[in-house]
>>> print(open('structure_35.cif').read())   # mmCIF, C-alpha atoms
data_model
#
loop_
_atom_site.group_PDB
_atom_site.id
_atom_site.type_symbol
_atom_site.label_atom_id
_atom_site.label_comp_id
_atom_site.auth_asym_id
_atom_site.auth_seq_id
_atom_site.Cartn_x
_atom_site.Cartn_y
_atom_site.Cartn_z
ATOM 1 C CA MET A 125 -4.916 -11.278 -16.235
ATOM 2 C CA GLN A 126 -4.770 -9.401 -19.512
ATOM 3 C CA VAL A 127 -7.846 -7.458 -20.616
ATOM 4 C CA PRO A 128 -9.399 -8.896 -23.794
ATOM 5 C CA ILE A 129 -9.966 -6.331 -26.553
ATOM 6 C CA LEU A 130 -12.616 -7.072 -29.177
ATOM 7 C CA LYS A 131 -12.739 -5.266 -32.479
ATOM 8 C CA GLN A 132 -16.208 -4.593 -33.826
ATOM 9 C CA ARG A 133 -16.072 -2.580 -37.045
ATOM 10 C CA ASP A 134 -14.377 0.688 -36.085
ATOM 11 C CA VAL A 135 -14.876 0.268 -32.343
ATOM 12 C CA LEU A 136 -12.604 -1.473 -29.842
ATOM 13 C CA ILE A 137 -14.299 -3.055 -26.840
ATOM 14 C CA ALA A 138 -12.194 -3.724 -23.746
ATOM 15 C CA THR A 139 -13.907 -5.831 -21.105
ATOM 16 C CA ILE A 140 -12.235 -5.470 -17.735
ATOM 17 C CA GLN A 141 -12.297 -8.473 -15.415
ATOM 18 C CA ALA A 142 -12.808 -8.351 -11.658
ATOM 19 C CA ALA A 143 -9.327 -8.937 -10.293
ATOM 20 C CA LEU A 144 -7.555 -6.319 -12.326
ATOM 21 C CA SER A 145 -4.044 -5.428 -11.247
ATOM 22 C CA ASP A 146 -2.404 -2.054 -11.793
ATOM 23 C CA GLN A 147 -0.115 -3.583 -14.410
ATOM 24 C CA ASP A 148 -3.109 -4.988 -16.339
ATOM 25 C CA LEU A 149 -4.524 -1.472 -16.598
ATOM 26 C CA VAL A 150 -1.257 -0.021 -17.836
ATOM 27 C CA THR A 151 -0.976 -2.833 -20.391
ATOM 28 C CA LEU A 152 -4.544 -2.130 -21.518
ATOM 29 C CA ARG A 153 -3.702 1.538 -22.071
ATOM 30 C CA ASP A 154 -0.718 0.644 -24.251
ATOM 31 C CA ASP A 155 -2.601 -2.089 -26.160
ATOM 32 C CA LEU A 156 -5.483 0.260 -26.936
ATOM 33 C CA ALA A 157 -3.222 3.091 -28.082
ATOM 34 C CA ASP A 158 -1.490 0.614 -30.426
ATOM 35 C CA ARG A 159 -4.672 -0.962 -31.820
ATOM 36 C CA ILE A 160 -6.418 2.352 -32.408
ATOM 37 C CA GLY A 161 -3.675 3.054 -34.922
ATOM 38 C CA ARG A 162 -3.502 -0.456 -36.353
ATOM 39 C CA PHE A 163 -7.268 -0.792 -36.932
ATOM 40 C CA ARG A 164 -7.938 2.913 -37.456
ATOM 41 C CA SER A 165 -10.561 2.661 -34.712
ATOM 42 C CA ARG A 166 -12.684 5.689 -33.991
ATOM 43 C CA GLY A 167 -14.274 4.534 -30.784
ATOM 44 C CA VAL A 168 -13.302 2.692 -27.597
ATOM 45 C CA VAL A 169 -15.646 1.092 -25.095
ATOM 46 C CA ILE A 170 -14.227 0.261 -21.670
ATOM 47 C CA ASP A 171 -16.618 -2.123 -19.968
ATOM 48 C CA VAL A 172 -16.125 -2.096 -16.171
ATOM 49 C CA THR A 173 -19.290 -4.053 -15.307
ATOM 50 C CA ALA A 174 -17.274 -6.796 -13.577
ATOM 51 C CA LEU A 175 -15.160 -4.363 -11.583
ATOM 52 C CA ASP A 176 -16.124 -4.253 -7.907
ATOM 53 C CA VAL A 177 -13.578 -1.591 -6.963
ATOM 54 C CA LEU A 178 -12.556 1.545 -8.848
ATOM 55 C CA ASP A 179 -9.968 3.182 -6.651
ATOM 56 C CA SER A 180 -7.970 6.329 -7.319
ATOM 57 C CA PHE A 181 -5.301 4.515 -9.333
ATOM 58 C CA ALA A 182 -7.799 2.696 -11.559
ATOM 59 C CA THR A 183 -9.769 5.892 -12.133
ATOM 60 C CA ARG A 184 -6.644 7.830 -13.026
ATOM 61 C CA THR A 185 -5.564 5.109 -15.444
ATOM 62 C CA ILE A 186 -8.970 4.954 -17.137
ATOM 63 C CA ARG A 187 -8.841 8.737 -17.529
ATOM 64 C CA GLY A 188 -5.397 8.341 -19.049
ATOM 65 C CA ILE A 189 -6.674 5.700 -21.458
ATOM 66 C CA ALA A 190 -9.518 7.961 -22.592
ATOM 67 C CA HIS A 191 -7.242 10.949 -23.069
ATOM 68 C CA THR A 192 -4.657 8.865 -24.930
ATOM 69 C CA ALA A 193 -7.381 7.456 -27.179
ATOM 70 C CA ARG A 194 -8.696 10.942 -27.911
ATOM 71 C CA LEU A 195 -5.233 12.105 -28.923
ATOM 72 C CA ARG A 196 -5.144 9.095 -31.256
ATOM 73 C CA GLY A 197 -8.434 10.188 -32.799
ATOM 74 C CA ALA A 198 -10.878 7.888 -31.009
ATOM 75 C CA ASN A 199 -13.699 8.626 -28.580
ATOM 76 C CA THR A 200 -13.966 6.614 -25.369
ATOM 77 C CA VAL A 201 -17.050 5.652 -23.437
ATOM 78 C CA VAL A 202 -16.877 3.919 -20.051
ATOM 79 C CA VAL A 203 -19.791 1.569 -19.490
ATOM 80 C CA GLY A 204 -21.149 -0.485 -16.597
ATOM 81 C CA ILE A 205 -19.992 1.391 -13.496
ATOM 82 C CA GLN A 206 -21.911 -0.436 -10.766
ATOM 83 C CA PRO A 207 -24.102 1.556 -8.324
ATOM 84 C CA ASP A 208 -21.922 0.760 -5.278
ATOM 85 C CA VAL A 209 -18.798 1.632 -7.239
ATOM 86 C CA ALA A 210 -20.302 4.933 -8.404
ATOM 87 C CA PHE A 211 -21.285 5.802 -4.837
ATOM 88 C CA THR A 212 -17.793 4.970 -3.575
ATOM 89 C CA MET A 213 -16.176 7.082 -6.309
ATOM 90 C CA VAL A 214 -18.270 10.056 -5.233
ATOM 91 C CA GLN A 215 -17.217 9.540 -1.601
ATOM 92 C CA LEU A 216 -13.575 9.344 -2.670
ATOM 93 C CA GLY A 217 -13.891 12.487 -4.745
ATOM 94 C CA LEU A 218 -13.081 10.652 -7.987
ATOM 95 C CA THR A 219 -14.498 11.887 -11.268
ATOM 96 C CA LEU A 220 -14.364 10.943 -14.916
ATOM 97 C CA ASP A 221 -14.747 14.538 -16.080
ATOM 98 C CA GLY A 222 -14.937 14.918 -19.811
ATOM 99 C CA ILE A 223 -15.281 11.179 -20.412
ATOM 100 C CA ALA A 224 -18.527 9.774 -21.768
ATOM 101 C CA THR A 225 -20.252 7.101 -19.710
ATOM 102 C CA ALA A 226 -23.195 4.824 -20.396
ATOM 103 C CA ILE A 227 -25.189 2.312 -18.426
ATOM 104 C CA ASP A 228 -24.164 -0.717 -20.508
ATOM 105 C CA LEU A 229 -22.394 -1.870 -23.668
ATOM 106 C CA GLU A 230 -25.436 -1.362 -25.887
ATOM 107 C CA ASP A 231 -25.905 2.237 -24.765
ATOM 108 C CA GLY A 232 -22.172 2.823 -24.980
ATOM 109 C CA LEU A 233 -22.109 1.736 -28.621
ATOM 110 C CA ASP A 234 -25.043 4.090 -29.297
ATOM 111 C CA VAL A 235 -23.115 6.959 -27.734
ATOM 112 C CA LEU A 236 -20.112 6.223 -29.943
ATOM 113 C CA GLU A 237 -22.244 5.829 -33.053
ATOM 114 C CA ARG A 238 -23.744 9.262 -32.517
ATOM 115 C CA ALA A 239 -20.296 10.708 -31.896
ATOM 116 C CA MET A 240 -18.881 9.134 -35.028
ATOM 117 C CA ALA A 241 -21.845 10.370 -37.031
ATOM 118 C CA GLY A 242 -20.474 13.858 -36.545
ATOM 119 C CA ARG A 243 -20.915 15.050 -33.025
ATOM 120 C CA ARG A 244 -17.990 14.611 -30.712
ATOM 121 C CA VAL A 245 -18.561 13.363 -27.207
ATOM 122 C CA GLY A 246 -16.454 13.520 -24.083
ATOM 123 C CA MET B 240 -5.676 -2.466 20.004
ATOM 124 C CA SER B 241 -4.649 -6.121 20.217
ATOM 125 C CA ALA B 242 -7.291 -6.693 22.883
ATOM 126 C CA GLU B 243 -9.920 -5.987 20.241
ATOM 127 C CA LEU B 244 -8.547 -8.506 17.775
ATOM 128 C CA GLY B 245 -10.482 -11.703 17.459
ATOM 129 C CA VAL B 246 -9.205 -15.116 16.474
ATOM 130 C CA ASP B 247 -10.256 -14.389 12.921
ATOM 131 C CA GLU B 248 -7.456 -11.931 12.266
ATOM 132 C CA ILE B 249 -6.090 -12.131 8.743
ATOM 133 C CA ALA B 250 -2.627 -10.920 7.759
ATOM 134 C CA ILE B 251 -1.823 -10.271 4.111
ATOM 135 C CA ALA B 252 1.725 -9.494 3.024
ATOM 136 C CA ILE B 253 1.771 -6.570 0.600
ATOM 137 C CA GLU B 254 4.759 -6.947 -1.689
ATOM 138 C CA SER B 255 3.361 -6.585 -5.186
ATOM 139 C CA GLU B 256 0.442 -4.970 -6.956
ATOM 140 C CA GLN B 257 -1.295 -8.343 -7.084
ATOM 141 C CA ASP B 258 -1.331 -8.355 -3.266
ATOM 142 C CA ILE B 259 -3.466 -5.189 -3.361
ATOM 143 C CA VAL B 260 -6.152 -7.160 -5.203
ATOM 144 C CA THR B 261 -5.855 -10.039 -2.725
ATOM 145 C CA ALA B 262 -6.144 -7.671 0.259
ATOM 146 C CA ARG B 263 -9.277 -5.970 -1.002
ATOM 147 C CA GLN B 264 -10.886 -9.292 -1.919
ATOM 148 C CA ARG B 265 -10.186 -10.708 1.554
ATOM 149 C CA GLY B 266 -11.466 -7.466 3.059
ATOM 150 C CA ARG B 267 -14.692 -7.707 1.108
ATOM 151 C CA GLU B 268 -15.165 -11.320 2.217
ATOM 152 C CA LEU B 269 -14.604 -10.431 5.863
ATOM 153 C CA ALA B 270 -16.911 -7.404 5.569
ATOM 154 C CA ALA B 271 -19.636 -9.623 4.095
ATOM 155 C CA SER B 272 -19.288 -12.241 6.847
ATOM 156 C CA THR B 273 -19.300 -9.478 9.487
ATOM 157 C CA GLY B 274 -22.686 -8.303 8.254
ATOM 158 C CA PHE B 275 -21.860 -5.307 6.053
ATOM 159 C CA ARG B 276 -24.145 -4.754 3.115
ATOM 160 C CA GLY B 277 -23.027 -4.409 -0.496
ATOM 161 C CA THR B 278 -22.309 -0.686 -0.584
ATOM 162 C CA ASP B 279 -20.299 -0.805 2.636
ATOM 163 C CA GLN B 280 -18.394 -3.859 1.370
ATOM 164 C CA THR B 281 -17.377 -1.792 -1.655
ATOM 165 C CA LEU B 282 -16.396 1.195 0.504
ATOM 166 C CA ILE B 283 -14.235 -1.048 2.716
ATOM 167 C CA ALA B 284 -12.633 -2.893 -0.238
ATOM 168 C CA THR B 285 -11.805 0.446 -1.873
ATOM 169 C CA ALA B 286 -10.326 1.905 1.325
ATOM 170 C CA ILE B 287 -8.144 -1.215 1.659
ATOM 171 C CA SER B 288 -7.078 -0.794 -1.963
ATOM 172 C CA GLU B 289 -5.960 2.788 -1.284
ATOM 173 C CA VAL B 290 -3.910 2.055 1.849
ATOM 174 C CA ALA B 291 -2.403 -1.101 0.295
ATOM 175 C CA ARG B 292 -1.334 0.886 -2.756
ATOM 176 C CA ASN B 293 0.184 3.458 -0.454
ATOM 177 C CA ILE B 294 2.418 0.697 0.950
ATOM 178 C CA ILE B 295 3.545 -0.412 -2.537
ATOM 179 C CA VAL B 296 4.184 3.106 -3.804
ATOM 180 C CA TYR B 297 5.977 4.542 -0.776
ATOM 181 C CA ALA B 298 7.341 1.607 1.226
ATOM 182 C CA GLN B 299 7.484 -1.196 -1.400
ATOM 183 C CA ARG B 300 6.455 -3.765 1.212
ATOM 184 C CA GLY B 301 4.335 -4.058 4.302
ATOM 185 C CA GLU B 302 1.220 -5.818 5.469
ATOM 186 C CA ILE B 303 -2.504 -5.457 5.850
ATOM 187 C CA LEU B 304 -4.222 -6.875 8.902
ATOM 188 C CA LEU B 305 -7.955 -7.485 8.864
ATOM 189 C CA ALA B 306 -10.083 -8.443 11.836
ATOM 190 C CA PRO B 307 -13.713 -8.422 12.841
ATOM 191 C CA LEU B 308 -14.539 -6.051 15.695
ATOM 192 C CA ALA B 309 -17.143 -6.367 18.424
ATOM 193 C CA ASP B 310 -18.012 -3.509 20.750
ATOM 194 C CA GLY B 311 -21.022 -4.477 22.789
ATOM 195 C CA ALA B 312 -23.752 -5.093 20.255
ATOM 196 C CA ARG B 313 -21.822 -3.297 17.535
ATOM 197 C CA GLN B 314 -20.064 -5.294 14.833
ATOM 198 C CA GLY B 315 -17.343 -3.860 12.714
ATOM 199 C CA ILE B 316 -14.147 -4.384 10.820
ATOM 200 C CA LEU B 317 -10.602 -3.353 11.625
ATOM 201 C CA VAL B 318 -8.100 -2.675 8.866
ATOM 202 C CA VAL B 319 -4.470 -2.002 9.734
ATOM 203 C CA ALA B 320 -1.934 -1.124 7.052
ATOM 204 C CA ARG B 321 1.636 -1.029 8.281
ATOM 205 C CA ASP B 322 5.059 -0.780 6.796
ATOM 206 C CA ARG B 323 8.626 -0.049 7.826
ATOM 207 C CA GLY B 324 9.137 2.320 4.932
ATOM 208 C CA PRO B 325 10.407 5.888 4.937
ATOM 209 C CA GLY B 326 7.459 7.275 6.908
ATOM 210 C CA ILE B 327 5.527 10.405 6.015
ATOM 211 C CA ARG B 328 7.356 13.684 6.591
ATOM 212 C CA ASP B 329 4.231 15.814 6.821
ATOM 213 C CA PRO B 330 1.205 13.688 7.805
ATOM 214 C CA ALA B 331 -1.155 16.692 7.804
ATOM 215 C CA LEU B 332 -0.190 17.461 4.213
ATOM 216 C CA ALA B 333 -0.561 13.794 3.197
ATOM 217 C CA MET B 334 -4.125 13.902 4.471
ATOM 218 C CA GLN B 335 -5.003 16.873 2.246
ATOM 219 C CA ASP B 336 -7.091 16.228 -0.836
ATOM 220 C CA GLY B 337 -5.048 16.581 -3.974
ATOM 221 C CA TYR B 338 -1.655 16.340 -2.306
ATOM 222 C CA SER B 339 0.682 13.720 -3.703
ATOM 223 C CA THR B 340 4.428 13.253 -3.982
ATOM 224 C CA HIS B 341 3.835 10.557 -6.558
ATOM 225 C CA ARG B 342 1.911 12.038 -9.457
ATOM 226 C CA SER B 343 -1.290 10.340 -8.286
ATOM 227 C CA LEU B 344 -4.598 12.060 -7.687
ATOM 228 C CA GLY B 345 -3.650 12.608 -4.060
ATOM 229 C CA LEU B 346 -6.982 11.226 -2.944
ATOM 230 C CA GLY B 347 -5.726 7.941 -1.505
ATOM 231 C CA LEU B 348 -5.380 8.598 2.214
ATOM 232 C CA PRO B 349 -7.987 11.374 2.619
ATOM 233 C CA GLY B 350 -10.281 9.280 0.401
ATOM 234 C CA ALA B 351 -9.804 6.174 2.537
ATOM 235 C CA LYS B 352 -10.551 8.261 5.623
ATOM 236 C CA ARG B 353 -13.857 9.401 4.110
ATOM 237 C CA LEU B 354 -14.847 5.819 3.301
ATOM 238 C CA MET B 355 -14.315 4.539 6.851
ATOM 239 C CA ASP B 356 -15.758 5.573 10.241
ATOM 240 C CA GLU B 357 -12.464 5.863 12.100
ATOM 241 C CA PHE B 358 -9.018 6.577 10.717
ATOM 242 C CA ASP B 359 -5.703 6.971 12.484
ATOM 243 C CA LEU B 360 -2.343 7.679 10.884
ATOM 244 C CA ALA B 361 0.814 7.014 12.906
ATOM 245 C CA THR B 362 4.078 7.666 11.139
ATOM 246 C CA ALA B 363 7.689 8.470 11.897
ATOM 247 C CA VAL B 364 10.298 9.420 9.332
ATOM 248 C CA GLY B 365 12.689 6.511 8.831
ATOM 249 C CA GLN B 366 10.557 4.115 10.844
ATOM 250 C CA GLY B 367 7.393 3.510 8.898
ATOM 251 C CA THR B 368 3.700 4.143 8.802
ATOM 252 C CA THR B 369 0.725 2.468 10.444
ATOM 253 C CA ILE B 370 -2.785 3.321 9.345
ATOM 254 C CA THR B 371 -5.614 1.995 11.504
ATOM 255 C CA MET B 372 -9.150 2.179 10.113
ATOM 256 C CA LYS B 373 -12.477 0.954 11.475
ATOM 257 C CA LYS B 374 -15.946 0.767 10.114
ATOM 258 C CA TRP B 375 -19.081 -0.268 11.977
ATOM 259 C CA VAL B 376 -22.113 -2.085 10.671
ATOM 260 C CA ARG B 377 -25.096 0.262 10.572
#
>>> encode(input="structure_35.cif", output="structure tokens")
Amino acid sequence: MQVPILKQRDVLIATIQAALSDQDLVTLRDDLADRIGRFRSRGVVIDVTALDVLDSFATRTIRGIAHTARLRGANTVVVGIQPDVAFTMVQLGLTLDGIATAIDLEDGLDVLERAMAGRRVG
Amino acid sequence: MSAELGVDEIAIAIESEQDIVTARQRGRELAASTGFRGTDQTLIATAISEVARNIIVYAQRGEILLAPLADGARQGILVVARDRGPGIRDPALAMQDGYSTHRSLGLGLPGAKRLMDEFDLATAVGQGTTITMKKWVR
């Protein structure tokens, strides 16, 4: 199941669905890197609200997406990590160091807007 | 171990990445029907995801067995991940945080152990690996 990517002005919004396979995540990384250049996007929102599991592979890939996006000149914010998922990530020892997070899409867009207004985030 | 298995045992062949998703979804369903609450369902599903990925990455194929457990008044879940892959040369090292032969975060097996109540790793080079994990309803 491919991850849909919406373009809203200079932000790309990727909404991850529940049953995400490893390959879907890798495809998302490549799609985002491509579109950031094509649309000259300056921000990326990765919405993981629907994700019920963020294991070590998914976390590593999301980190990779954020770092790739940054090298392409866009800030990334991860939004919607569910409470149980956050708790599990802590137990696993997984972190999203250096990557901005927000409670939901609305807050995530705010974070990006502030970053694009001059201050860099994550 | 087989004496503990109930009639509700579920076997899931792990042969592709998609099977990892199937295994953790079935695990979550079984955890829910066994009486685990939301957070524990997520812990169990994530632990299954880690050991299932371990099969794909290191052994290419194997299987996950899921079964409800009953020990007196205690209810729980049994997760067995087994493969006939290359085995793990240094199991103690594989259980160390941050150790990986595969460019991953190296948190898979030690992470899965932290998420569950009981964790056993049996492996022999050239013969395969069996990971047995249990978690009890609190």
>>> interface_residues(input="structure_35.cif", of="chain A", to="chain B", cutoff="7 Å", atoms="all atoms listed in the file", output="ChimeraX atom specification")
/A:143,145-146,176-177,179-180,208-209,212,215-216
>>> atom_distance(input="structure_35.cif", atom1="CA of Trp375 in chain B", atom2="CA of Asp247 in chain B")
16.7 Å
>>> resolve_selection(input="structure_35.cif", expression="the PyMOL selection byres ((chain A and resi 230) around 12)", output="NGL selection string")
:A and (137 or 169 or 171 or 201-204 or 225-229 or 231-237)
>>> atom_distance(input="structure_35.cif", atom1="CA of Val290 in chain B", atom2="CA of Met372 in chain B")
9.8 Å
>>> residues_around(input="structure_35.cif", residues="Arg162 in chain A", least_positions_apart="4", cutoff="12 Å", atoms="only C-alpha atoms", output="short mmCIF file (atom, residue, chain, number, x, y, z; two decimals) with C-alpha atoms, keeping the file's coordinate frame")
data_model
loop_
_atom_site.label_atom_id
_atom_site.label_comp_id
_atom_site.auth_asym_id
_atom_site.auth_seq_id
_atom_site.Cartn_x
_atom_site.Cartn_y
_atom_site.Cartn_z
CA LYS A 131 -12.74 -5.27 -32.48
CA ASP A 134 -14.38 0.69 -36.08
CA LEU A 136 -12.60 -1.47 -29.84
CA ASP A 155 -2.60 -2.09 -26.16
CA LEU A 156 -5.48 0.26 -26.94
CA ALA A 157 -3.22 3.09 -28.08
CA ASP A 158 -1.49 0.61 -30.43
CA ARG A 166 -12.68 5.69 -33.99
CA ARG A 196 -5.14 9.10 -31.26
#
>>> residues_around(input="structure_35.cif", residues="Ala142 in chain A", least_positions_apart="2", cutoff="9 Å", atoms="all atoms listed in the file", output="ChimeraX atom specification")
/A:140,144,172-177
